[in-house]
>>> print(open('start.cif').read())   # mmCIF, C-alpha atoms
data_final
loop_
_atom_site.label_atom_id
_atom_site.label_comp_id
_atom_site.auth_asym_id
_atom_site.auth_seq_id
_atom_site.Cartn_x
_atom_site.Cartn_y
_atom_site.Cartn_z
CA MET A 255 128.79 101.54 -56.55
CA ASN A 256 129.03 98.80 -59.21
CA ASN A 257 131.73 96.18 -59.75
CA ALA A 258 133.61 98.17 -62.39
CA MET A 259 133.88 101.05 -59.91
CA ARG A 260 135.08 98.68 -57.18
CA MET A 261 137.73 97.30 -59.52
CA ASP A 262 138.93 100.79 -60.51
CA ARG A 263 139.09 101.86 -56.90
CA VAL A 264 141.23 98.85 -55.94
CA ARG A 265 143.45 99.34 -59.03
CA ARG A 266 144.11 102.95 -58.11
CA PHE A 267 144.79 102.03 -54.50
CA ILE A 268 147.24 99.23 -55.33
CA ALA A 269 149.05 101.54 -57.73
CA THR A 270 149.98 103.74 -54.74
CA LEU A 271 151.66 100.84 -52.88
CA ASN A 272 155.33 100.58 -53.90
CA GLN A 273 155.72 96.97 -52.86
CA CYS A 274 152.66 95.92 -54.89
CA ARG A 275 154.08 97.60 -57.98
CA GLU A 276 157.38 95.78 -57.35
CA LEU A 277 155.53 92.49 -57.17
CA GLY A 278 153.37 93.33 -60.19
CA LEU A 279 150.06 92.66 -58.41
CA THR A 280 146.97 93.05 -60.60
CA VAL A 281 143.23 93.00 -59.93
CA THR A 282 141.47 89.99 -61.42
CA SER A 283 137.91 90.64 -60.21
CA ALA A 284 135.95 92.71 -57.72
CA LYS A 285 132.43 92.27 -56.38
CA LYS A 286 130.62 93.51 -53.31
CA GLY A 287 132.68 92.21 -50.39
CA GLN A 288 134.87 90.04 -52.66
CA LEU A 289 138.16 90.63 -54.41
CA THR A 290 140.65 88.52 -56.38
CA LEU A 291 144.25 89.66 -56.96
CA CYS A 292 147.00 88.05 -59.03
CA LEU A 293 150.71 87.71 -58.21
CA PRO A 294 152.77 86.84 -61.32
CA TYR A 295 155.69 84.42 -60.98
CA SER A 296 159.11 86.04 -60.85
CA ASP A 297 162.64 84.75 -60.25
CA ARG A 298 163.15 87.74 -57.94
CA ILE A 299 160.83 86.42 -55.24
CA ILE A 300 162.12 82.84 -55.06
CA GLY A 301 162.57 81.69 -51.47
CA ASN A 302 164.12 78.31 -52.10
CA PRO A 303 166.75 78.46 -54.84
CA ASP A 304 166.79 74.65 -55.14
CA THR A 305 163.15 74.32 -56.10
CA GLY A 306 162.32 77.75 -57.54
CA VAL A 307 159.35 77.99 -55.15
CA ILE A 308 158.47 81.60 -54.32
CA HIS A 309 158.88 82.76 -50.73
CA GLY A 310 155.92 82.69 -48.34
CA GLY A 311 156.55 86.39 -47.71
CA ALA A 312 155.43 87.27 -51.23
CA ILE A 313 152.25 85.27 -50.62
CA THR A 314 151.80 87.02 -47.27
CA THR A 315 152.04 90.38 -49.06
CA LEU A 316 149.56 89.20 -51.71
CA MET A 317 147.08 88.02 -49.06
CA ASP A 318 147.55 91.06 -46.81
CA THR A 319 146.91 93.32 -49.81
CA ALA A 320 143.87 91.32 -50.95
CA SER A 321 142.43 91.21 -47.42
CA GLY A 322 143.06 94.92 -46.81
CA SER A 323 141.75 95.98 -50.22
CA VAL A 324 138.58 93.88 -50.19
CA ILE A 325 137.40 96.33 -47.54
CA MET A 326 137.13 98.90 -50.36
CA CYS A 327 134.72 96.50 -52.07
CA ALA A 328 132.59 96.21 -48.91
CA LEU A 329 132.33 99.83 -47.74
CA GLU A 330 130.79 102.70 -49.70
CA ASP A 331 133.40 105.24 -48.61
CA PHE A 332 137.12 104.64 -48.88
CA GLU A 333 138.66 103.90 -45.48
CA LEU A 334 142.20 102.72 -44.99
CA CYS A 335 142.09 100.07 -42.27
CA PRO A 336 145.39 98.99 -40.67
CA THR A 337 145.95 95.26 -40.21
CA LEU A 338 145.62 94.09 -36.61
CA ASP A 339 146.59 90.51 -37.28
CA LEU A 340 146.96 87.91 -39.95
CA ARG A 341 147.01 84.17 -39.57
CA VAL A 342 148.29 82.24 -42.56
CA ASP A 343 148.12 78.44 -42.98
CA TYR A 344 150.29 77.07 -45.76
CA MET A 345 148.72 74.04 -47.45
CA ARG A 346 151.29 73.38 -50.17
CA PRO A 347 154.15 75.21 -51.88
CA ALA A 348 153.23 77.28 -54.91
CA GLU A 349 154.22 75.67 -58.20
CA PRO A 350 157.01 77.63 -59.93
CA HIS A 351 156.40 79.55 -63.15
CA LYS A 352 152.67 79.97 -62.49
CA PRO A 353 150.82 82.97 -61.06
CA VAL A 354 149.22 82.82 -57.61
CA TYR A 355 145.73 84.24 -57.06
CA ALA A 356 144.26 85.45 -53.78
CA ARG A 357 140.49 85.60 -53.32
CA ALA A 358 139.48 87.62 -50.26
CA GLU A 359 136.13 88.36 -48.67
CA THR A 360 134.91 90.40 -45.75
CA TYR A 361 132.77 88.06 -43.70
CA ARG A 362 131.90 90.44 -40.90
CA VAL A 363 131.94 94.21 -40.81
CA THR A 364 131.40 95.97 -37.48
CA ARG A 365 131.73 99.57 -36.39
CA ASN A 366 135.34 99.05 -35.24
CA ILE A 367 136.62 95.85 -36.78
CA ILE A 368 136.49 94.12 -40.16
CA PHE A 369 137.01 90.36 -40.35
CA THR A 370 138.39 88.90 -43.56
CA ARG A 371 139.29 85.53 -45.01
CA CYS A 372 141.41 84.86 -48.01
CA GLU A 373 142.45 81.85 -50.06
CA ALA A 374 145.60 81.75 -52.21
CA PHE A 375 145.43 79.26 -55.09
CA GLN A 376 146.88 78.48 -58.48
CA ASP A 377 144.51 75.99 -60.09
CA PRO A 378 140.97 76.12 -58.67
CA GLY A 379 140.57 73.78 -55.72
CA GLU A 380 144.35 73.56 -55.17
CA THR A 381 144.75 75.84 -52.17
CA ILE A 382 148.24 77.19 -51.54
CA ALA A 383 147.37 79.03 -48.32
CA ASN A 384 144.44 80.19 -46.25
CA CYS A 385 144.47 83.40 -44.29
CA VAL A 386 142.18 85.11 -41.81
CA GLY A 387 142.72 88.71 -40.84
CA THR A 388 141.29 91.46 -38.69
CA PHE A 389 141.44 95.12 -39.62
CA MET A 390 140.82 98.18 -37.50
CA ARG A 391 138.45 100.89 -38.69
CA ILE A 392 140.11 104.19 -37.90
CA GLY A 393 137.62 106.28 -39.90
CA LYS A 394 137.84 107.79 -43.34
CA GLU A 395 139.12 111.08 -41.88
CA ALA A 396 142.34 109.28 -40.96
CA MET A 397 143.47 109.65 -44.57
CA PRO A 398 143.94 113.07 -46.18
CA LYS A 399 141.10 114.19 -48.45
CA SER A 400 143.44 114.42 -51.43
CA PHE A 401 144.37 110.75 -51.08
CA ARG A 402 140.73 109.70 -50.73
CA GLU A 403 139.85 111.61 -53.87
CA LEU A 404 142.75 109.98 -55.69
CA ILE A 405 141.44 106.52 -54.80
CA ASP A 406 137.77 107.29 -55.41
CA GLY A 407 138.51 109.02 -58.71
CA ASP A 408 135.18 109.99 -60.26
CA THR A 409 133.43 106.80 -59.17
CA LYS A 410 131.29 108.64 -56.64
CA MET B 218 170.21 75.63 -50.23
CA THR B 219 172.14 72.72 -51.73
CA ASN B 220 175.51 74.30 -51.27
CA PRO B 221 176.94 72.92 -47.99
CA GLU B 222 179.98 75.09 -48.52
CA ILE B 223 177.90 78.28 -48.16
CA LEU B 224 176.35 77.09 -44.90
CA ARG B 225 179.74 76.07 -43.50
CA TYR B 226 181.23 79.40 -44.55
CA THR B 227 178.35 81.28 -42.88
CA GLN B 228 178.65 79.28 -39.66
CA GLU B 229 182.40 79.68 -39.48
CA THR B 230 182.66 83.36 -40.35
CA GLY B 231 179.30 84.81 -39.26
CA ASP B 232 179.25 86.52 -42.65
CA PHE B 233 175.75 86.02 -44.08
CA SER B 234 176.32 87.81 -47.36
CA ARG B 235 176.88 84.69 -49.45
CA MET B 236 173.91 82.87 -47.98
CA LEU B 237 171.58 85.83 -48.43
CA GLU B 238 172.90 86.40 -51.93
CA SER B 239 171.70 82.89 -52.80
CA ILE B 240 168.09 83.59 -51.71
CA PRO B 241 166.37 85.87 -54.26
CA TYR B 242 163.57 86.97 -51.88
CA ALA B 243 166.18 88.10 -49.31
CA ARG B 244 167.71 90.36 -51.97
CA PHE B 245 164.26 91.47 -53.11
CA ILE B 246 163.38 92.98 -49.73
CA GLY B 247 167.03 93.69 -48.74
CA LEU B 248 167.28 91.43 -45.69
CA GLU B 249 170.61 91.42 -43.82
CA CYS B 250 171.81 89.44 -40.82
CA ASP B 251 174.53 89.87 -38.20
CA ARG B 252 175.75 87.44 -35.59
CA PHE B 253 176.61 88.58 -32.08
CA GLY B 254 178.01 85.61 -30.19
CA ASP B 255 175.31 83.01 -30.66
CA ASP B 256 172.59 85.59 -31.27
CA LEU B 257 171.35 86.60 -34.70
CA ILE B 258 169.92 90.04 -35.40
CA PHE B 259 168.10 90.46 -38.70
CA ARG B 260 167.97 93.84 -40.35
CA LEU B 261 165.75 95.30 -43.06
CA PRO B 262 167.29 98.57 -44.23
CA LYS B 263 165.07 101.45 -45.27
CA LYS B 264 163.92 100.80 -48.84
CA GLU B 265 161.39 102.72 -50.91
CA GLU B 266 160.33 99.59 -52.80
CA ASN B 267 159.13 97.99 -49.55
CA LEU B 268 156.54 100.67 -48.77
CA GLY B 269 152.79 100.15 -48.61
CA ASN B 270 150.79 103.08 -47.24
CA PRO B 271 152.20 106.07 -49.15
CA VAL B 272 150.69 108.69 -46.83
CA LEU B 273 152.50 107.83 -43.58
CA PRO B 274 154.63 106.40 -45.35
CA ALA B 275 154.86 102.87 -43.90
CA ILE B 276 156.44 99.56 -44.85
CA HIS B 277 153.92 97.17 -46.41
CA GLY B 278 152.61 94.81 -43.72
CA GLY B 279 153.29 91.89 -46.03
CA VAL B 280 156.96 92.85 -46.29
CA ILE B 281 157.20 92.98 -42.49
CA GLY B 282 155.63 89.51 -42.45
CA GLY B 283 157.99 88.22 -45.15
CA PHE B 284 160.99 89.69 -43.33
CA MET B 285 159.99 87.95 -40.08
CA GLU B 286 159.21 84.68 -41.82
CA LEU B 287 162.53 84.57 -43.68
CA SER B 288 164.38 85.58 -40.49
CA ALA B 289 162.83 82.57 -38.74
CA ILE B 290 163.86 80.24 -41.58
CA ILE B 291 167.49 81.41 -41.53
CA TYR B 292 167.53 81.30 -37.73
CA LEU B 293 166.33 77.67 -37.81
CA MET B 294 168.81 76.67 -40.50
CA MET B 295 171.66 78.09 -38.44
CA SER B 296 170.53 76.50 -35.18
CA GLN B 297 169.77 73.13 -36.79
CA GLU B 298 172.88 73.17 -38.96
CA THR B 299 170.67 71.73 -41.65
CA LEU B 300 171.09 72.21 -45.36
CA ARG B 301 167.40 71.87 -46.04
CA MET B 302 165.11 74.83 -45.72
CA PRO B 303 162.48 74.21 -43.06
CA ARG B 304 158.97 74.30 -44.51
CA ILE B 305 156.55 76.76 -42.99
CA VAL B 306 153.27 75.29 -41.76
CA ASP B 307 151.57 78.36 -40.32
CA PHE B 308 152.31 81.92 -39.42
CA SER B 309 150.43 84.15 -37.01
CA LEU B 310 151.28 87.82 -37.07
CA ASP B 311 150.21 90.66 -34.77
CA TYR B 312 150.81 94.20 -35.96
CA LEU B 313 151.42 96.45 -32.95
CA ARG B 314 152.59 99.74 -34.47
CA ALA B 315 152.99 101.17 -37.95
CA GLY B 316 156.33 100.17 -39.48
CA LEU B 317 157.62 103.55 -40.57
CA ASN B 318 160.01 104.12 -43.45
CA ARG B 319 163.16 103.36 -41.53
CA GLU B 320 165.44 100.49 -40.61
CA THR B 321 163.69 97.49 -39.02
CA PHE B 322 165.18 94.73 -36.88
CA ALA B 323 164.05 91.24 -35.93
CA GLU B 324 165.14 88.51 -33.57
CA CYS B 325 163.90 84.96 -33.20
CA GLN B 326 163.49 82.57 -30.34
CA LEU B 327 163.03 78.83 -30.57
CA THR B 328 160.06 78.26 -28.28
CA ARG B 329 159.85 74.54 -28.71
CA GLN B 330 161.47 72.02 -30.92
CA GLY B 331 160.12 68.53 -31.40
CA ASN B 332 161.43 65.86 -33.73
CA ARG B 333 159.55 67.13 -36.73
CA VAL B 334 158.08 70.51 -35.84
CA ALA B 335 159.63 73.68 -34.45
CA ASN B 336 157.77 76.64 -32.94
CA VAL B 337 159.53 79.97 -33.39
CA MET B 338 158.66 83.39 -31.93
CA ILE B 339 159.72 86.43 -33.91
CA THR B 340 159.83 90.05 -32.71
CA ALA B 341 160.33 93.04 -35.01
CA TRP B 342 161.16 96.58 -33.89
CA GLN B 343 162.49 99.86 -35.23
CA LYS B 344 163.80 102.54 -32.88
CA SER B 345 163.55 100.62 -29.64
CA ARG B 346 163.45 96.92 -28.95
CA SER B 347 161.06 97.65 -26.08
CA GLN B 348 158.51 98.97 -28.60
CA PRO B 349 157.99 96.16 -31.10
CA ILE B 350 156.14 96.95 -34.35
CA ALA B 351 155.07 93.32 -34.79
CA THR B 352 155.29 89.94 -33.10
CA ALA B 353 154.75 86.60 -34.79
CA ARG B 354 154.94 82.92 -34.14
CA ALA B 355 155.36 80.22 -36.72
CA HIS B 356 155.48 76.45 -36.98
CA PHE B 357 157.97 74.80 -39.30
CA LEU B 358 158.32 71.24 -40.53
CA LEU B 359 161.94 70.24 -40.15
CA GLU B 360 161.75 67.20 -42.42
CA ASP B 361 159.32 65.45 -44.71
#
>>> encode(input="start.cif", output="structure tokens")
Amino acid sequence: MNNAMRMDRVRRFIATLNQCRELGLTVTSAKKGQLTLCLPYSDRIIGNPDTGVIHGGAITTLMDTASGSVIMCALEDFELCPTLDLRVDYMRPAEPHKPVYARAETYRVTRNIIFTRCEAFQDPGETIANCVGTFMRIGKEAMPKSFRELIDGDTK
Amino acid sequence: MTNPEILRYTQETGDFSRMLESIPYARFIGLECDRFGDDLIFRLPKKEENLGNPVLPAIHGGVIGGFMELSAIIYLMMSQETLRMPRIVDFSLDYLRAGLNRETFAECQLTRQGNRVANVMITAWQKSRSQPIATARAHFLLED
């Protein structure tokens, strides 16, 4: 599987997630075990009306999606892995009117568990939040074949 | 949250509609809140736009996180009677069960409050409070 295939796979997957369509998440880049997603700024997700800063929940969704989807860039076969836990550290509020990016990587893949880390940033080096997550491998059979084929498309 | 009038109104009446109306993200996910005595119960009604996994279908884990995080912020604002939104420092979230496409509830507990930092525990459930779908704890900065 090459990077273009990884990117297509993640794009198709994210397109099936209602909340990600609502937020307008897009795929910026995909490599083996690495994925960057983009959350555009929107008035609809402001958490603090005084400052226009977007709510941490939107960043949590961005990072959860990036961390869960990077697994598709690490494994050959599509497996949906439920989140066991997420730990998010907020470094600074996101600047209004600018997109937020999340770069995720799988740093350890075992038979049962996948460990991820993710950084949310706007300008490079200006971290908004860091996140570590663990995901449970429940096997590719846990998802119906039709859904797996939808996500894999003709990349395999 | 610069409008002291909204906070006073919410505290006096227990009607959260005006406060929640002023927070776009609360409207975005559909968060609601009810007061029972001194207790606050947060509610996230069933909403197609909040779904992640389309097969189950299940609420996006990030939305569950955002719901719990915003619940904790409102809970702190009400208990502190502060006009400033507390700033989140960190958030640790355990997913215990799939959040199915139905109404979700949350309640918060102030575990420890210092002068500058508060530690809040949040529990989210659907059909039964004794079967939580997620638990979380968060630290907030109460002032700069």
>>> interface_residues(input="start.cif", of="chain B", to="chain A", cutoff="7 Å", atoms="only C-alpha atoms", output="PyMOL selection string")
chain B and resi 218-219+239-242+245+266-271+277-280+282-283+286+305-312
>>> closest_residue(input="start.cif", among="B:Ala315, B:Ile258, B:Leu358, B:Val272", to="A:Arg402", atoms="all atoms listed in the file")
B:Val272
>>> atom_distance(input="start.cif", atom1="atom CA of B:Arg304", atom2="atom CA of B:Gln330")
14.0 Å
>>> atom_distance(input="start.cif", atom1="atom CA of A:Asp262", atom2="atom CA of A:Glu395")
21.3 Å
>>> closest_residue(input="start.cif", among="B:Asn318, B:Ser288, B:Thr340, B:Gln326", to="B:Phe233", atoms="only C-alpha atoms")
B:Ser288
>>> resolve_selection(input="start.cif", expression="the PyMOL selection byres ((chain A and resi 281) around 9)", output="ChimeraX atom specification")
/A:261-262,264-265,268,279-280,282-284,289-292
>>> write_last_selection(input="start.cif", atoms="C-alpha atoms", output="mmCIF file, keeping the file's coordinate frame")
data_model
loop_
_atom_site.group_PDB
_atom_site.id
_atom_site.type_symbol
_atom_site.label_atom_id
_atom_site.label_comp_id
_atom_site.auth_asym_id
_atom_site.auth_seq_id
_atom_site.Cartn_x
_atom_site.Cartn_y
_atom_site.Cartn_z
ATOM 1 C CA MET A 261 137.730 97.300 -59.520
ATOM 2 C CA ASP A 262 138.930 100.790 -60.510
ATOM 3 C CA VAL A 264 141.230 98.850 -55.940
ATOM 4 C CA ARG A 265 143.450 99.340 -59.030
ATOM 5 C CA ILE A 268 147.240 99.230 -55.330
ATOM 6 C CA LEU A 279 150.060 92.660 -58.410
ATOM 7 C CA THR A 280 146.970 93.050 -60.600
ATOM 8 C CA THR A 282 141.470 89.990 -61.420
ATOM 9 C CA SER A 283 137.910 90.640 -60.210
ATOM 10 C CA ALA A 284 135.950 92.710 -57.720
ATOM 11 C CA LEU A 289 138.160 90.630 -54.410
ATOM 12 C CA THR A 290 140.650 88.520 -56.380
ATOM 13 C CA LEU A 291 144.250 89.660 -56.960
ATOM 14 C CA CYS A 292 147.000 88.050 -59.030
#
>>> axis_aligned_box(input="start.cif", around="stretch 287-303 of chain A", padding_each_side="8 Å", output="JSON")
{"center_x": 149.7, "center_y": 85.3, "center_z": -55.9, "size_x": 50.1, "size_y": 29.9, "size_z": 26.9}
>>> closest_residue(input="start.cif", among="B:Leu317, B:Ile291, B:Glu238, B:Phe322", to="B:Ser345", atoms="all atoms listed in the file")
B:Phe322
>>> resolve_selection(input="start.cif", expression="the PyMOL selection byres ((chain B and resi 327) around 8)", output="VMD selection string")
chain B and resid 325 to 326 328 to 330 335 to 338
>>> write_last_selection(input="start.cif", atoms="C-alpha atoms", output="PDB file, keeping the file's coordinate frame")
ATOM      1  CA  CYS B 325     163.900  84.960 -33.200  1.00  0.00           C
ATOM      2  CA  GLN B 326     163.490  82.570 -30.340  1.00  0.00           C
ATOM      3  CA  THR B 328     160.060  78.260 -28.280  1.00  0.00           C
ATOM      4  CA  ARG B 329     159.850  74.540 -28.710  1.00  0.00           C
ATOM      5  CA  GLN B 330     161.470  72.020 -30.920  1.00  0.00           C
ATOM      6  CA  ALA B 335     159.630  73.680 -34.450  1.00  0.00           C
ATOM      7  CA  ASN B 336     157.770  76.640 -32.940  1.00  0.00           C
ATOM      8  CA  VAL B 337     159.530  79.970 -33.390  1.00  0.00           C
ATOM      9  CA  MET B 338     158.660  83.390 -31.930  1.00  0.00           C
TER      10      MET B 338
END
>>> resolve_selection(input="start.cif", expression="the PyMOL selection byres ((chain A and resi 288) around 12)", output="ChimeraX atom specification")
/A:257,260-261,264,281-287,289-291,320-329,356-361,370-373
>>> atom_distance(input="start.cif", atom1="atom CA of B:Arg319", atom2="atom CA of B:Pro274")
9.8 Å
>>> closest_residue(input="start.cif", among="B:Gln348, B:Thr321, B:Ala243, B:Glu249", to="B:Lys263", atoms="all atoms listed in the file")
B:Thr321
>>> residues_around(input="start.cif", residues="B:Gly316", least_positions_apart="6", cutoff="9 Å", atoms="only C-alpha atoms", output="list in words")
Pro274, Ala275, Ile276, His277, Gly278, Ile281, Trp342, Gln343, Ile350 and Ala351 of chain B
>>> residues_near_point(input="start.cif", point="(173.7, 86.6, -34.3)", cutoff="12 Å", atoms="only C-alpha atoms", output="tab-separated table (two decimals) with C-alpha atoms, in the coordinates of the input")
chain	number	residue	atom	x	y	z
B	227	THR	CA	178.35	81.28	-42.88
B	228	GLN	CA	178.65	79.28	-39.66
B	230	THR	CA	182.66	83.36	-40.35
B	231	GLY	CA	179.30	84.81	-39.26
B	232	ASP	CA	179.25	86.52	-42.65
B	233	PHE	CA	175.75	86.02	-44.08
B	249	GLU	CA	170.61	91.42	-43.82
B	250	CYS	CA	171.81	89.44	-40.82
B	251	ASP	CA	174.53	89.87	-38.20
B	252	ARG	CA	175.75	87.44	-35.59
B	253	PHE	CA	176.61	88.58	-32.08
B	254	GLY	CA	178.01	85.61	-30.19
B	255	ASP	CA	175.31	83.01	-30.66
B	256	ASP	CA	172.59	85.59	-31.27
B	257	LEU	CA	171.35	86.60	-34.70
B	258	ILE	CA	169.92	90.04	-35.40
B	259	PHE	CA	168.10	90.46	-38.70
B	260	ARG	CA	167.97	93.84	-40.35
B	288	SER	CA	164.38	85.58	-40.49
B	291	ILE	CA	167.49	81.41	-41.53
B	292	TYR	CA	167.53	81.30	-37.73
B	295	MET	CA	171.66	78.09	-38.44
B	296	SER	CA	170.53	76.50	-35.18
B	323	ALA	CA	164.05	91.24	-35.93
B	324	GLU	CA	165.14	88.51	-33.57
B	325	CYS	CA	163.90	84.96	-33.20
B	326	GLN	CA	163.49	82.57	-30.34
>>> build_atoms(input="start.cif", residues="stretch 327-341 of chain B", atoms="N, CA and C atoms", output="short mmCIF file (atom, residue, chain, number, x, y, z; two decimals), in the frame of the given file")
data_model
loop_
_atom_site.label_atom_id
_atom_site.label_comp_id
_atom_site.auth_asym_id
_atom_site.auth_seq_id
_atom_site.Cartn_x
_atom_site.Cartn_y
_atom_site.Cartn_z
N LEU B 327 163.59 80.16 -30.39
CA LEU B 327 163.03 78.83 -30.57
C LEU B 327 162.23 78.48 -29.33
N THR B 328 160.91 78.50 -29.44
CA THR B 328 160.06 78.26 -28.28
C THR B 328 160.03 76.79 -27.91
N ARG B 329 159.92 75.99 -28.97
CA ARG B 329 159.85 74.54 -28.71
C ARG B 329 160.27 73.80 -29.97
N GLN B 330 161.10 72.83 -29.78
CA GLN B 330 161.47 72.02 -30.92
C GLN B 330 161.18 70.57 -30.65
N GLY B 331 160.36 69.96 -31.48
CA GLY B 331 160.12 68.53 -31.40
C GLY B 331 160.98 67.84 -32.44
N ASN B 332 160.65 66.58 -32.73
CA ASN B 332 161.43 65.86 -33.73
C ASN B 332 161.15 66.39 -35.13
N ARG B 333 159.91 66.76 -35.36
CA ARG B 333 159.55 67.13 -36.73
C ARG B 333 159.11 68.57 -36.86
N VAL B 334 158.63 69.15 -35.77
CA VAL B 334 158.08 70.51 -35.84
C VAL B 334 158.81 71.44 -34.88
N ALA B 335 159.05 72.66 -35.33
CA ALA B 335 159.63 73.68 -34.45
C ALA B 335 158.67 74.86 -34.35
N ASN B 336 158.59 75.45 -33.16
CA ASN B 336 157.77 76.64 -32.94
C ASN B 336 158.73 77.80 -32.68
N VAL B 337 158.61 78.84 -33.49
CA VAL B 337 159.53 79.97 -33.39
C VAL B 337 158.73 81.25 -33.13
N MET B 338 159.23 82.06 -32.20
CA MET B 338 158.66 83.39 -31.93
C MET B 338 159.55 84.43 -32.60
N ILE B 339 158.94 85.40 -33.23
CA ILE B 339 159.72 86.43 -33.91
C ILE B 339 159.24 87.80 -33.42
N THR B 340 160.17 88.68 -33.10
CA THR B 340 159.83 90.05 -32.71
C THR B 340 160.51 91.02 -33.66
N ALA B 341 159.75 92.02 -34.12
CA ALA B 341 160.33 93.04 -35.01
C ALA B 341 160.18 94.41 -34.37
#
